[in-house]
$ cat model_2.cif   # mmCIF, C-alpha atoms
data_input
#
loop_
_atom_site.label_atom_id
_atom_site.label_comp_id
_atom_site.auth_asym_id
_atom_site.auth_seq_id
_atom_site.Cartn_x
_atom_site.Cartn_y
_atom_site.Cartn_z
CA MET A 17 142.89 90.79 88.36
CA GLU A 18 139.11 91.17 88.54
CA LYS A 19 138.84 87.92 90.50
CA LEU A 20 141.49 89.19 92.93
CA CYS A 21 139.54 92.44 93.47
CA TYR A 22 136.38 90.41 94.07
CA CYS A 23 138.08 88.26 96.70
CA CYS A 24 139.61 91.29 98.40
CA LEU A 25 136.24 93.03 98.55
CA LEU A 26 134.57 89.92 99.94
CA PHE A 27 137.26 89.53 102.58
CA TRP A 28 136.93 93.21 103.51
CA PHE A 29 133.18 93.01 103.94
CA ILE A 30 133.31 89.85 106.04
CA PHE A 31 135.94 91.57 108.17
CA VAL A 32 133.66 94.59 108.59
CA SER A 33 130.67 92.41 109.50
CA LEU A 34 132.66 90.40 112.03
CA LEU A 35 134.49 93.40 113.47
CA THR A 36 132.86 94.47 116.69
CA VAL A 37 133.48 97.74 118.46
CA GLN A 38 135.66 97.08 121.48
CA ILE A 39 135.47 99.30 124.55
CA LYS A 40 138.75 99.60 126.39
CA SER A 41 138.29 99.91 130.10
CA ASP A 42 140.51 102.60 131.58
CA SER A 43 139.57 101.75 135.14
CA PRO A 44 138.46 98.69 137.12
CA PRO A 45 134.72 98.00 136.93
CA MET A 46 132.77 99.55 139.78
CA SER A 47 130.53 97.44 141.97
CA ASP A 48 126.79 98.03 142.08
CA GLU A 49 127.16 99.47 145.58
CA LYS A 50 129.70 102.09 144.45
CA SER A 51 128.10 103.19 141.19
CA LYS A 52 124.71 104.29 139.97
CA ILE A 53 123.42 104.32 136.41
CA GLN A 54 121.07 107.08 135.38
CA ASP A 55 119.89 107.26 131.76
CA GLY A 56 122.87 105.20 130.64
CA LYS A 57 125.46 107.33 132.47
CA LEU A 58 127.55 106.32 135.45
CA GLU A 59 127.86 108.95 138.14
CA GLY A 60 131.46 110.05 138.39
CA LYS A 61 132.70 108.59 135.09
CA ILE A 62 131.76 108.01 131.46
CA SER A 63 129.67 104.87 131.21
CA ALA A 64 130.34 101.98 128.86
CA GLU A 65 127.19 102.97 126.99
CA GLU A 66 128.43 106.49 126.29
CA LYS A 67 131.80 105.16 125.14
CA TYR A 68 130.12 102.63 122.89
CA LYS A 69 127.80 105.21 121.31
CA LYS A 70 130.79 107.21 120.10
CA LEU A 71 132.61 104.16 118.76
CA PHE A 72 129.42 102.82 117.18
CA GLN A 73 128.94 106.06 115.26
CA GLU A 74 132.49 105.83 113.89
CA HIS A 75 132.00 102.18 112.95
CA ARG A 76 128.81 103.04 111.10
CA GLY A 77 130.85 105.20 108.75
CA THR A 78 133.08 102.22 107.93
CA GLN A 79 130.06 100.00 107.29
CA LEU A 80 128.37 102.51 105.01
CA ASN A 81 131.56 103.00 102.97
CA ALA A 82 131.80 99.22 102.53
CA VAL A 83 128.24 99.04 101.19
CA LYS A 84 128.78 102.01 98.87
CA THR A 85 131.83 100.24 97.44
CA ILE A 86 129.79 97.12 96.74
CA THR A 87 127.04 99.05 94.92
CA SER A 88 129.57 100.25 92.35
CA PHE A 89 131.37 96.92 91.98
CA GLY A 90 131.20 94.65 88.93
CA SER A 91 128.14 93.20 87.23
CA TYR A 92 124.74 92.42 88.72
CA GLU A 93 125.69 88.74 88.99
CA GLN A 94 128.88 89.58 90.89
CA LYS A 95 127.00 91.88 93.25
CA TYR A 96 124.37 89.20 93.80
CA LYS A 97 126.92 86.54 94.71
CA LEU A 98 128.77 88.92 97.00
CA VAL A 99 125.60 90.03 98.80
CA GLU A 100 124.47 86.42 99.16
CA ILE A 101 127.69 85.47 100.96
CA MET A 102 127.52 88.61 103.07
CA LEU A 103 123.94 88.02 104.21
CA LYS A 104 124.65 84.42 105.16
CA GLN A 105 127.54 85.61 107.32
CA LEU A 106 125.57 88.53 108.74
CA PHE A 107 122.62 86.43 109.89
CA ALA A 108 124.86 83.70 111.26
CA VAL A 109 126.49 86.32 113.49
CA LEU A 110 123.15 87.92 114.42
CA ASN A 111 121.53 84.60 115.36
CA GLU A 112 124.53 83.60 117.46
CA ALA A 113 124.37 86.90 119.35
CA LYS A 114 120.61 86.51 119.81
CA THR A 115 121.11 83.05 121.34
CA ASN A 116 123.77 84.36 123.72
CA VAL A 117 121.86 87.37 125.07
CA THR A 118 118.73 85.25 125.45
CA GLU A 119 120.62 82.68 127.51
CA TRP A 120 122.07 85.47 129.66
CA LYS A 121 118.55 86.90 130.12
CA PHE A 122 119.70 90.26 128.79
CA LEU A 123 116.53 92.07 127.75
CA PRO A 124 116.01 94.81 125.15
CA GLY A 125 116.13 98.14 126.93
CA ASP A 126 118.49 96.94 129.68
CA PRO A 127 121.45 99.28 130.36
CA PHE A 128 124.45 98.65 128.15
CA PRO A 129 126.43 95.86 129.87
CA GLU A 130 129.70 96.43 131.69
CA ASN A 131 130.75 92.82 131.14
CA GLU A 132 132.99 92.61 128.05
CA THR A 133 131.60 89.27 126.85
CA MET A 134 128.07 90.61 126.97
CA GLN A 135 129.19 93.85 125.32
CA HIS A 136 130.58 91.84 122.43
CA ALA A 137 127.29 89.99 121.85
CA VAL A 138 125.10 93.09 122.20
CA SER A 139 127.39 95.02 119.85
CA LYS A 140 126.98 92.33 117.19
CA ILE A 141 123.21 92.80 117.31
CA PHE A 142 123.42 96.58 116.90
CA GLU A 143 126.08 96.54 114.21
CA ASN A 144 124.73 93.71 112.05
CA THR A 145 121.16 95.02 112.17
CA ALA A 146 122.40 98.44 111.06
CA LEU A 147 124.57 96.89 108.36
CA PHE A 148 121.58 95.01 106.96
CA GLY A 149 119.74 98.33 106.86
CA ASP A 150 122.48 99.83 104.70
CA LEU A 151 122.35 96.86 102.35
CA VAL A 152 118.58 96.60 101.91
CA LEU A 153 118.09 100.34 101.44
CA ARG A 154 120.92 100.76 98.93
CA MET A 155 120.62 97.40 97.13
CA PRO A 156 116.93 96.56 97.63
CA ASP A 157 116.34 94.36 94.60
CA ILE A 158 119.21 91.96 95.28
CA VAL A 159 118.61 91.84 99.03
CA HIS A 160 114.86 91.22 98.67
CA GLU A 161 115.48 88.38 96.23
CA LEU A 162 117.59 86.65 98.88
CA TYR A 163 115.96 87.79 102.12
CA ASP A 164 112.29 87.37 101.21
CA ARG A 165 112.56 83.59 100.92
CA GLN A 166 114.43 83.09 104.21
CA ARG A 167 111.92 82.89 107.05
CA GLU A 168 114.67 82.40 109.65
CA TRP A 169 116.37 85.62 108.54
CA GLN A 170 113.08 87.50 108.71
CA MET A 171 112.45 86.36 112.27
CA ALA A 172 115.99 87.26 113.33
CA LEU A 173 115.77 90.72 111.78
CA THR A 174 112.38 91.45 113.34
CA TRP A 175 113.80 90.51 116.73
CA GLY A 176 116.99 92.50 116.11
CA THR A 177 115.07 95.59 115.03
CA GLY A 178 112.98 95.50 118.19
CA PHE A 179 116.12 95.00 120.28
CA CYS A 180 117.79 98.02 118.66
CA ASN A 181 114.72 100.23 118.98
CA GLU A 182 114.51 99.51 122.70
CA SER A 183 118.13 100.50 123.23
CA ARG A 184 119.46 104.02 123.65
CA ILE A 185 122.15 103.44 121.03
CA PHE A 186 120.24 104.32 117.87
CA GLU A 187 119.77 108.07 117.65
CA GLY A 188 119.41 110.61 114.85
CA ALA A 189 120.38 109.18 111.46
CA ASN A 190 120.76 105.67 112.88
CA SER A 191 117.24 105.77 114.30
CA LYS A 192 115.94 106.92 110.91
CA LEU A 193 117.82 104.06 109.25
CA LEU A 194 116.05 101.53 111.48
CA ASN A 195 112.67 103.01 110.65
CA LEU A 196 113.25 103.05 106.89
CA MET A 197 114.69 99.53 106.95
CA ALA A 198 111.67 98.26 108.89
CA GLN A 199 109.35 99.78 106.28
CA GLU A 200 111.40 98.40 103.39
CA VAL A 201 111.10 94.80 104.65
CA ASN A 202 107.52 95.21 105.94
CA ILE A 203 108.29 94.95 109.63
CA LEU A 204 106.44 98.26 109.80
CA PRO A 205 103.69 99.41 107.40
CA LYS A 206 105.04 101.69 104.70
CA ASP A 207 104.25 105.39 104.99
CA ASP A 208 102.17 106.80 102.13
CA ASN A 209 105.18 108.77 100.90
CA PHE A 210 107.72 105.96 101.33
CA ILE A 211 109.95 105.61 98.27
CA ASN A 212 113.26 103.79 97.97
CA PRO A 213 115.17 105.73 95.29
CA TYR A 214 117.62 102.84 94.86
CA SER A 215 115.01 100.30 93.74
CA ALA A 216 114.80 99.34 90.08
CA GLU A 217 111.18 100.51 89.97
CA SER A 218 112.10 103.98 91.24
CA GLN A 219 114.98 104.18 88.79
CA ARG A 220 112.67 103.33 85.89
CA GLU A 221 110.17 105.96 86.96
CA LYS A 222 112.95 108.52 87.25
CA GLU A 223 114.22 107.70 83.76
CA MET A 224 110.72 108.00 82.31
CA MET A 225 110.25 111.41 83.90
CA MET A 226 113.59 112.61 82.57
CA GLU A 227 112.59 111.57 79.05
CA LEU A 228 109.53 113.78 79.16
CA ASN A 229 110.57 117.35 78.48
CA GLU A 230 108.58 120.37 79.57
CA ALA A 231 106.88 120.78 76.21
CA GLU A 232 105.57 117.21 76.25
CA ILE A 233 104.29 117.62 79.80
CA LYS A 234 102.39 120.77 78.77
CA LYS A 235 100.85 118.93 75.81
CA LEU A 236 99.68 116.13 78.07
CA LYS A 237 98.09 118.63 80.44
CA LYS A 238 96.26 120.36 77.55
CA LYS A 239 94.92 117.04 76.27
CA GLU A 240 93.68 116.12 79.72
CA LYS A 241 91.82 119.44 79.98
CA LYS A 242 90.11 118.85 76.63
CA LYS A 243 88.94 115.43 77.75
CA ILE A 244 87.14 116.85 80.77
CA LYS A 245 83.41 116.79 80.02
CA ARG A 246 81.30 119.56 81.46
CA GLY A 247 77.91 118.68 82.88
CA PRO A 248 74.67 120.73 82.55
CA ARG A 249 75.09 124.29 83.74
CA LEU A 250 72.48 126.82 84.87
CA SER A 251 72.41 130.16 83.10
CA SER A 252 70.36 133.29 83.48
CA HIS A 253 68.18 132.11 80.56
CA THR A 254 67.35 128.73 82.05
CA GLU A 255 63.69 128.40 83.02
CA LEU A 256 63.01 126.70 86.34
#

$ encode --input "model_2.cif" --output "structure tokens"
Amino acid sequence: MEKLCYCCLLFWFIFVSLLTVQIKSDSPPMSDEKSKIQDGKLEGKISAEEKYKKLFQEHRGTQLNAVKTITSFGSYEQKYKLVEIMLKQLFAVLNEAKTNVTEWKFLPGDPFPENETMQHAVSKIFENTALFGDLVLRMPDIVHELYDRQREWQMALTWGTGFCNESRIFEGANSKLLNLMAQEVNILPKDDNFINPYSAESQREKEMMMELNEAEIKKLKKKEKKKIKRGPRLSSHTEL
């Protein structure tokens, strides 16, 4: 039964990672002469970019739920094996999409494509980069153990992060996710106050703090005060 649940969860995650948001066109594509794009919006109709943003936000909820399910599944060894398979699939998809958009000379920051084939490739970059962010922030110890020794993955993620940052797709919480992910994997320098509460180190520190009750903390503070040595002090009786 447990093995069946494991297989079902693995299949579900691979499905989520491969699933790409599809934009259904409700009207024939407009030629460049008949349409103008301003800040990602087509005059006279909702642009493909605006449609995708809405669908992307909905898809992000599905991805996050999948990762939350994995964090509460089975033993550490089972999680490790599952994440290992997931990351291999994720970076295979990301690298394939990177190759495609590079061949098509689609640059980071270009308007969201109207062509469905290009939409599919660009969507894979956005969605798999975001999915990796969910994984590394919520399961940092397992992901680092796998990711940190894969130079090809690191190069792909650095490229994907830059691609996503240049787009107009990542806003609000998704933009924050990119920033935190980049700090977690050292694409960006960590802020002084950066803490990942899901890391084993943070969990240990939290447990240690919980073990210290208020009385013990007060005792420690009193001892520290007693240890402070006072230097020479001038008084009214001191002769100069």

$ closest_residue --input "model_2.cif" --among "A:Leu173, A:Leu151, A:Ile141, A:Ala64" --to "Asn116 (chain A)" --atoms "only C-alpha atoms"
A:Ile141

$ residues_around --input "model_2.cif" --residues "Leu123 (chain A)" --least-positions-apart "4" --cutoff "12 Å" --atoms "all atoms listed in the file" --output "list of chain:residue names"
A:Lys114, A:Thr115, A:Asn116, A:Val117, A:Thr118, A:Glu119, A:Pro127, A:Phe128, A:Pro129, A:Met134, A:Val138, A:Trp175, A:Gly176, A:Gly178, A:Phe179, A:Cys180, A:Glu182, A:Ser183

$ atom_distance --input "model_2.cif" --atom1 "CA of Thr177 (chain A)" --atom2 "CA of Asp207 (chain A)"
17.7 Å

$ atom_distance --input "model_2.cif" --atom1 "CA of Pro156 (chain A)" --atom2 "CA of Asn181 (chain A)"
21.8 Å

$ atom_distance --input "model_2.cif" --atom1 "CA of Ile203 (chain A)" --atom2 "CA of Asp164 (chain A)"
12.0 Å

$ closest_residue --input "model_2.cif" --among "A:Tyr163, A:Gly90, A:Lys104, A:His75" --to "Asn202 (chain A)" --atoms "all atoms listed in the file"
A:Tyr163

$ closest_residue --input "model_2.cif" --among "A:Glu100, A:Glu200, A:Glu112, A:Glu240" --to "Ala137 (chain A)" --atoms "only C-alpha atoms"
A:Glu112

$ closest_residue --input "model_2.cif" --among "A:Thr174, A:Gln199, A:Asn144, A:Ser215" --to "Gln79 (chain A)" --atoms "all atoms listed in the file"
A:Asn144

$ closest_residue --input "model_2.cif" --among "A:Lys70, A:Lys235, A:Lys206, A:Lys192" --to "Ala146 (chain A)" --atoms "only C-alpha atoms"
A:Lys192

$ closest_residue --input "model_2.cif" --among "A:Arg76, A:His160, A:His136, A:Arg220" --to "Val99 (chain A)" --atoms "all atoms listed in the file"
A:His160

$ decode --input "model_2.cif" --residues "region 136-184 of chain A" --atoms "N, CA and C atoms" --output "JSON list (two decimals), in the first residue's frame"
[["chain", "number", "residue", "atom", "x", "y", "z"],
["A", 136, "HIS", "N", 4.70, 27.45, -25.30],
["A", 136, "HIS", "CA", 4.90, 26.20, -24.56],
["A", 136, "HIS", "C", 6.30, 26.14, -23.96],
["A", 137, "ALA", "N", 7.31, 26.52, -24.75],
["A", 137, "ALA", "CA", 8.69, 26.48, -24.28],
["A", 137, "ALA", "C", 8.94, 27.52, -23.20],
["A", 138, "VAL", "N", 8.46, 28.74, -23.42],
["A", 138, "VAL", "CA", 8.65, 29.81, -22.44],
["A", 138, "VAL", "C", 7.94, 29.48, -21.13],
["A", 139, "SER", "N", 6.75, 28.89, -21.24],
["A", 139, "SER", "CA", 6.00, 28.50, -20.04],
["A", 139, "SER", "C", 6.78, 27.49, -19.21],
["A", 140, "LYS", "N", 7.44, 26.55, -19.88],
["A", 140, "LYS", "CA", 8.22, 25.54, -19.16],
["A", 140, "LYS", "C", 9.33, 26.18, -18.33],
["A", 141, "ILE", "N", 9.92, 27.24, -18.87],
["A", 141, "ILE", "CA", 10.99, 27.93, -18.13],
["A", 141, "ILE", "C", 10.42, 28.58, -16.88],
["A", 142, "PHE", "N", 9.33, 29.32, -17.03],
["A", 142, "PHE", "CA", 8.72, 29.99, -15.88],
["A", 142, "PHE", "C", 8.28, 28.98, -14.82],
["A", 143, "GLU", "N", 7.58, 27.96, -15.25],
["A", 143, "GLU", "CA", 6.94, 27.04, -14.31],
["A", 143, "GLU", "C", 7.93, 26.12, -13.61],
["A", 144, "ASN", "N", 8.95, 25.66, -14.33],
["A", 144, "ASN", "CA", 9.93, 24.77, -13.69],
["A", 144, "ASN", "C", 10.91, 25.53, -12.80],
["A", 145, "THR", "N", 11.21, 26.77, -13.16],
["A", 145, "THR", "CA", 12.05, 27.59, -12.28],
["A", 145, "THR", "C", 11.32, 27.87, -10.97],
["A", 146, "ALA", "N", 10.04, 28.22, -11.08],
["A", 146, "ALA", "CA", 9.24, 28.48, -9.88],
["A", 146, "ALA", "C", 9.09, 27.22, -9.04],
["A", 147, "LEU", "N", 8.89, 26.09, -9.70],
["A", 147, "LEU", "CA", 8.73, 24.83, -8.98],
["A", 147, "LEU", "C", 10.00, 24.47, -8.21],
["A", 148, "PHE", "N", 11.15, 24.70, -8.82],
["A", 148, "PHE", "CA", 12.41, 24.46, -8.10],
["A", 148, "PHE", "C", 12.49, 25.36, -6.87],
["A", 149, "GLY", "N", 12.02, 26.60, -7.01],
["A", 149, "GLY", "CA", 12.02, 27.51, -5.86],
["A", 149, "GLY", "C", 11.21, 26.95, -4.70],
["A", 150, "ASP", "N", 10.04, 26.40, -5.00],
["A", 150, "ASP", "CA", 9.22, 25.78, -3.95],
["A", 150, "ASP", "C", 9.98, 24.65, -3.27],
["A", 151, "LEU", "N", 10.64, 23.84, -4.07],
["A", 151, "LEU", "CA", 11.34, 22.67, -3.53],
["A", 151, "LEU", "C", 12.53, 23.06, -2.66],
["A", 152, "VAL", "N", 13.37, 23.96, -3.16],
["A", 152, "VAL", "CA", 14.59, 24.28, -2.43],
["A", 152, "VAL", "C", 14.31, 25.10, -1.18],
["A", 153, "LEU", "N", 13.24, 25.87, -1.17],
["A", 153, "LEU", "CA", 12.92, 26.66, 0.01],
["A", 153, "LEU", "C", 12.21, 25.83, 1.08],
["A", 154, "ARG", "N", 11.46, 24.82, 0.68],
["A", 154, "ARG", "CA", 10.72, 24.01, 1.64],
["A", 154, "ARG", "C", 11.42, 22.70, 2.00],
["A", 155, "MET", "N", 12.35, 22.26, 1.15],
["A", 155, "MET", "CA", 13.12, 21.04, 1.44],
["A", 155, "MET", "C", 14.60, 21.31, 1.16],
["A", 156, "PRO", "N", 15.17, 22.32, 1.81],
["A", 156, "PRO", "CA", 16.52, 22.77, 1.45],
["A", 156, "PRO", "C", 17.62, 21.73, 1.62],
["A", 157, "ASP", "N", 17.56, 20.94, 2.66],
["A", 157, "ASP", "CA", 18.65, 20.01, 2.93],
["A", 157, "ASP", "C", 18.75, 18.92, 1.86],
["A", 158, "ILE", "N", 17.62, 18.36, 1.49],
["A", 158, "ILE", "CA", 17.61, 17.32, 0.46],
["A", 158, "ILE", "C", 18.00, 17.91, -0.90],
["A", 159, "VAL", "N", 17.41, 19.05, -1.24],
["A", 159, "VAL", "CA", 17.67, 19.64, -2.55],
["A", 159, "VAL", "C", 19.14, 20.06, -2.68],
["A", 160, "HIS", "N", 19.70, 20.66, -1.64],
["A", 160, "HIS", "CA", 21.11, 21.06, -1.70],
["A", 160, "HIS", "C", 22.03, 19.86, -1.88],
["A", 161, "GLU", "N", 21.71, 18.77, -1.21],
["A", 161, "GLU", "CA", 22.54, 17.58, -1.32],
["A", 161, "GLU", "C", 22.61, 17.07, -2.76],
["A", 162, "LEU", "N", 21.53, 17.26, -3.49],
["A", 162, "LEU", "CA", 21.48, 16.81, -4.88],
["A", 162, "LEU", "C", 21.95, 17.90, -5.85],
["A", 163, "TYR", "N", 21.48, 19.11, -5.64],
["A", 163, "TYR", "CA", 21.72, 20.22, -6.57],
["A", 163, "TYR", "C", 23.16, 20.72, -6.53],
["A", 164, "ASP", "N", 23.75, 20.79, -5.35],
["A", 164, "ASP", "CA", 25.06, 21.42, -5.19],
["A", 164, "ASP", "C", 26.18, 20.69, -5.92],
["A", 165, "ARG", "N", 25.98, 19.44, -6.27],
["A", 165, "ARG", "CA", 27.03, 18.71, -6.98],
["A", 165, "ARG", "C", 26.75, 18.56, -8.48],
["A", 166, "GLN", "N", 25.73, 19.28, -8.96],
["A", 166, "GLN", "CA", 25.37, 19.21, -10.38],
["A", 166, "GLN", "C", 25.61, 20.58, -11.03],
["A", 167, "ARG", "N", 26.78, 20.73, -11.62],
["A", 167, "ARG", "CA", 27.14, 22.01, -12.23],
["A", 167, "ARG", "C", 26.19, 22.38, -13.37],
["A", 168, "GLU", "N", 25.77, 21.40, -14.14],
["A", 168, "GLU", "CA", 24.86, 21.67, -15.26],
["A", 168, "GLU", "C", 23.52, 22.22, -14.76],
["A", 169, "TRP", "N", 23.03, 21.68, -13.66],
["A", 169, "TRP", "CA", 21.79, 22.18, -13.07],
["A", 169, "TRP", "C", 21.96, 23.62, -12.60],
["A", 170, "GLN", "N", 23.10, 23.90, -11.99],
["A", 170, "GLN", "CA", 23.35, 25.24, -11.47],
["A", 170, "GLN", "C", 23.37, 26.27, -12.59],
["A", 171, "MET", "N", 24.00, 25.92, -13.70],
["A", 171, "MET", "CA", 24.05, 26.83, -14.84],
["A", 171, "MET", "C", 22.66, 27.05, -15.43],
["A", 172, "ALA", "N", 21.88, 25.98, -15.52],
["A", 172, "ALA", "CA", 20.53, 26.09, -16.07],
["A", 172, "ALA", "C", 19.64, 26.95, -15.17],
["A", 173, "LEU", "N", 19.77, 26.77, -13.86],
["A", 173, "LEU", "CA", 18.93, 27.54, -12.94],
["A", 173, "LEU", "C", 19.33, 29.02, -12.94],
["A", 174, "THR", "N", 20.61, 29.30, -12.99],
["A", 174, "THR", "CA", 21.06, 30.69, -13.05],
["A", 174, "THR", "C", 20.49, 31.37, -14.28],
["A", 175, "TRP", "N", 20.57, 30.67, -15.41],
["A", 175, "TRP", "CA", 20.00, 31.21, -16.65],
["A", 175, "TRP", "C", 18.49, 31.39, -16.52],
["A", 176, "GLY", "N", 17.81, 30.36, -16.00],
["A", 176, "GLY", "CA", 16.35, 30.42, -15.86],
["A", 176, "GLY", "C", 15.89, 31.53, -14.93],
["A", 177, "THR", "N", 16.64, 31.75, -13.85],
["A", 177, "THR", "CA", 16.29, 32.81, -12.91],
["A", 177, "THR", "C", 16.40, 34.17, -13.57],
["A", 178, "GLY", "N", 17.46, 34.38, -14.34],
["A", 178, "GLY", "CA", 17.61, 35.63, -15.06],
["A", 178, "GLY", "C", 16.51, 35.82, -16.09],
["A", 179, "PHE", "N", 16.15, 34.75, -16.77],
["A", 179, "PHE", "CA", 15.08, 34.79, -17.77],
["A", 179, "PHE", "C", 13.76, 35.21, -17.12],
["A", 180, "CYS", "N", 13.47, 34.60, -15.97],
["A", 180, "CYS", "CA", 12.21, 34.91, -15.26],
["A", 180, "CYS", "C", 12.21, 36.34, -14.73],
["A", 181, "ASN", "N", 13.33, 36.78, -14.21],
["A", 181, "ASN", "CA", 13.41, 38.14, -13.66],
["A", 181, "ASN", "C", 13.21, 39.20, -14.73],
["A", 182, "GLU", "N", 13.64, 38.90, -15.95],
["A", 182, "GLU", "CA", 13.50, 39.86, -17.04],
["A", 182, "GLU", "C", 12.08, 39.90, -17.60],
["A", 183, "SER", "N", 11.30, 38.89, -17.29],
["A", 183, "SER", "CA", 9.93, 38.83, -17.81],
["A", 183, "SER", "C", 9.01, 39.71, -16.96],
["A", 184, "ARG", "N", 7.79, 39.86, -17.41],
["A", 184, "ARG", "CA", 6.79, 40.59, -16.62],
["A", 184, "ARG", "C", 5.80, 39.62, -15.97]]
